[in-house]
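A.B. asks: Here you go, one structure.
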Amino acid sequence: MDDPRAAMAAICRMAYERKLLDSAGGNLTVRIGDRIYMSPRYAGSLKQWQLDASDFLTLNLEGEVLAGSGQVSREGAMHLAIYRHLPMAGAVFHAHSENIMVFAAACRPIPPTSEQTDKFGEIPLVRHAASHTQDLADNVVEGLRPQAEKLEKHGIACLIPRHGIVCVARDLNAVYDTLERIDRGARMYLLGRLLDPPRG
Ligand SMILES: [Zn+2]
């Protein structure tokens, strides 16, 4: 596949507009062969996700920066750990999406709500660890590993307590699709609670 950075920039802009990303943080990576392309640190707080292709960093699988002038994202270690432990992973999206955050803040797993999200099953919570730590990277890998075989067919995800979500998929389009479906599913669950009890 070609250089994915322009497509990654477009996805980040769209995700911010759709409240799947916020200015507080998040990070997107794509792996192509032995290269990892990564959104830079402070993409939310300083750039409001209005990134260009040239803002993305290129790293090797050991995490060394090969190209790009920005700083490595603070959850970079988590992304690298996921690629190391899940060989089928081709894209990782960490985000604080609006509807997902209701569940993350309350430390509740997200149940499937419709045919669009049934395939993911319940989105589990991982054990808590401070942001930007190796412990958090380890806990996220631990939460994703039992789902690893599903990557052959579709994306997988887990929630970080009081923080956000991590989605993993084979490629960029699939990881965006996973994030949007789960955020929509979270919204369906929340709005569904406003409906009258079923009649009959
Ligand atoms: Zn975060």
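Naming works like this for the structure tokens: A, B, ... for the chains as they're shown, residue 1 at the start of each chain, ligands 1 onward in shown order.
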Residues within 9 Å of ligand 1 (only C-alpha atoms and all ligand atoms), as a ChimeraX atom specification?
C.D. replies: /A:24-27,74-75,94-96,131-132,160,163-166
A.B. asks: For the structure I just gave you, how does DSSP split region 90-144 of chain A - specifically, which residues are strand (DSSP E or B)? Reply as a list in words.
C.D. replies: Ala91, Val92, Phe93, His94, Ala95, Ile110, Ile123 and Leu125 of chain A
A.B. asks: Kindly save the residues from that selection, with all heavy atoms included, as a PDB file, in the first residue's frame.
C.D. replies:
```pdb
ATOM      1  N   ALA A  91      -3.785  -1.204  12.158  1.00  0.00           N
ATOM      2  CA  ALA A  91      -4.126   0.170  12.529  1.00  0.00           C
ATOM      3  C   ALA A  91      -4.650   0.189  13.965  1.00  0.00           C
ATOM      4  O   ALA A  91      -5.342  -0.746  14.390  1.00  0.00           O
ATOM      5  CB  ALA A  91      -5.183   0.742  11.588  1.00  0.00           C
ATOM      6  N   VAL A  92      -4.285   1.239  14.692  1.00  0.00           N
ATOM      7  CA  VAL A  92      -4.721   1.401  16.089  1.00  0.00           C
ATOM      8  C   VAL A  92      -5.218   2.826  16.261  1.00  0.00           C
ATOM      9  O   VAL A  92      -4.557   3.785  15.836  1.00  0.00           O
ATOM     10  CB  VAL A  92      -3.548   1.139  17.071  1.00  0.00           C
ATOM     11  CG1 VAL A  92      -3.996   1.372  18.513  1.00  0.00           C
ATOM     12  CG2 VAL A  92      -3.002  -0.280  16.904  1.00  0.00           C
ATOM     13  N   PHE A  93      -6.399   2.964  16.856  1.00  0.00           N
ATOM     14  CA  PHE A  93      -7.003   4.289  17.068  1.00  0.00           C
ATOM     15  C   PHE A  93      -7.364   4.391  18.547  1.00  0.00           C
ATOM     16  O   PHE A  93      -8.201   3.644  19.040  1.00  0.00           O
ATOM     17  CB  PHE A  93      -8.275   4.408  16.212  1.00  0.00           C
ATOM     18  CG  PHE A  93      -8.581   5.797  15.731  1.00  0.00           C
ATOM     19  CD1 PHE A  93      -9.446   5.986  14.653  1.00  0.00           C
ATOM     20  CD2 PHE A  93      -8.016   6.916  16.311  1.00  0.00           C
ATOM     21  CE1 PHE A  93      -9.737   7.262  14.172  1.00  0.00           C
ATOM     22  CE2 PHE A  93      -8.290   8.192  15.850  1.00  0.00           C
ATOM     23  CZ  PHE A  93      -9.152   8.356  14.769  1.00  0.00           C
ATOM     24  N   HIS A  94      -6.708   5.308  19.256  1.00  0.00           N
ATOM     25  CA  HIS A  94      -7.082   5.594  20.640  1.00  0.00           C
ATOM     26  C   HIS A  94      -7.806   6.936  20.655  1.00  0.00           C
ATOM     27  O   HIS A  94      -7.314   7.922  20.086  1.00  0.00           O
ATOM     28  CB  HIS A  94      -5.850   5.650  21.539  1.00  0.00           C
ATOM     29  CG  HIS A  94      -6.127   6.333  22.849  1.00  0.00           C
ATOM     30  ND1 HIS A  94      -7.120   5.901  23.702  1.00  0.00           N
ATOM     31  CD2 HIS A  94      -5.593   7.435  23.433  1.00  0.00           C
ATOM     32  CE1 HIS A  94      -7.161   6.704  24.753  1.00  0.00           C
ATOM     33  NE2 HIS A  94      -6.247   7.644  24.613  1.00  0.00           N
ATOM     34  N   ALA A  95      -8.981   6.992  21.292  1.00  0.00           N
ATOM     35  CA  ALA A  95      -9.789   8.217  21.230  1.00  0.00           C
ATOM     36  C   ALA A  95     -10.650   8.366  22.475  1.00  0.00           C
ATOM     37  O   ALA A  95     -10.880   7.409  23.220  1.00  0.00           O
ATOM     38  CB  ALA A  95     -10.690   8.175  19.988  1.00  0.00           C
ATOM     39  N   ILE A 110     -19.338  -1.585  27.210  1.00  0.00           N
ATOM     40  CA  ILE A 110     -20.381  -1.171  26.258  1.00  0.00           C
ATOM     41  C   ILE A 110     -21.022  -2.424  25.665  1.00  0.00           C
ATOM     42  O   ILE A 110     -20.345  -3.209  24.999  1.00  0.00           O
ATOM     43  CB  ILE A 110     -19.798  -0.317  25.122  1.00  0.00           C
ATOM     44  CG1 ILE A 110     -19.062   0.898  25.694  1.00  0.00           C
ATOM     45  CG2 ILE A 110     -20.902   0.122  24.158  1.00  0.00           C
ATOM     46  CD1 ILE A 110     -18.375   1.751  24.634  1.00  0.00           C
ATOM     47  N   ILE A 123     -17.803  -4.560  24.717  1.00  0.00           N
ATOM     48  CA  ILE A 123     -16.480  -3.934  24.718  1.00  0.00           C
ATOM     49  C   ILE A 123     -15.997  -3.896  26.164  1.00  0.00           C
ATOM     50  O   ILE A 123     -16.571  -3.184  26.997  1.00  0.00           O
ATOM     51  CB  ILE A 123     -16.517  -2.500  24.133  1.00  0.00           C
ATOM     52  CG1 ILE A 123     -17.233  -2.486  22.773  1.00  0.00           C
ATOM     53  CG2 ILE A 123     -15.093  -1.946  24.044  1.00  0.00           C
ATOM     54  CD1 ILE A 123     -16.613  -3.341  21.704  1.00  0.00           C
ATOM     55  N   LEU A 125     -13.696  -3.523  29.709  1.00  0.00           N
ATOM     56  CA  LEU A 125     -12.792  -2.573  30.375  1.00  0.00           C
ATOM     57  C   LEU A 125     -11.496  -3.292  30.725  1.00  0.00           C
ATOM     58  O   LEU A 125     -11.525  -4.431  31.191  1.00  0.00           O
ATOM     59  CB  LEU A 125     -13.424  -2.092  31.687  1.00  0.00           C
ATOM     60  CG  LEU A 125     -14.464  -0.993  31.589  1.00  0.00           C
ATOM     61  CD1 LEU A 125     -15.379  -1.088  32.789  1.00  0.00           C
ATOM     62  CD2 LEU A 125     -13.824   0.382  31.527  1.00  0.00           C
TER      63      LEU A 125
END
```
A.B. asks: Quick one: distance from CA of Tyr176 (chain A) to CA of Leu195 (chain A) in Å, one decimal?
C.D. replies: 29.0 Å
A.B. asks: Could you pull the residues within 6 Å of Ser97 (chain A), counting only C-alpha atoms, minus those fewer than 2 positions along the same chain, as JSON, numbers by chain?
C.D. replies: {"A": [19, 20, 21, 95, 99, 100, 101]}
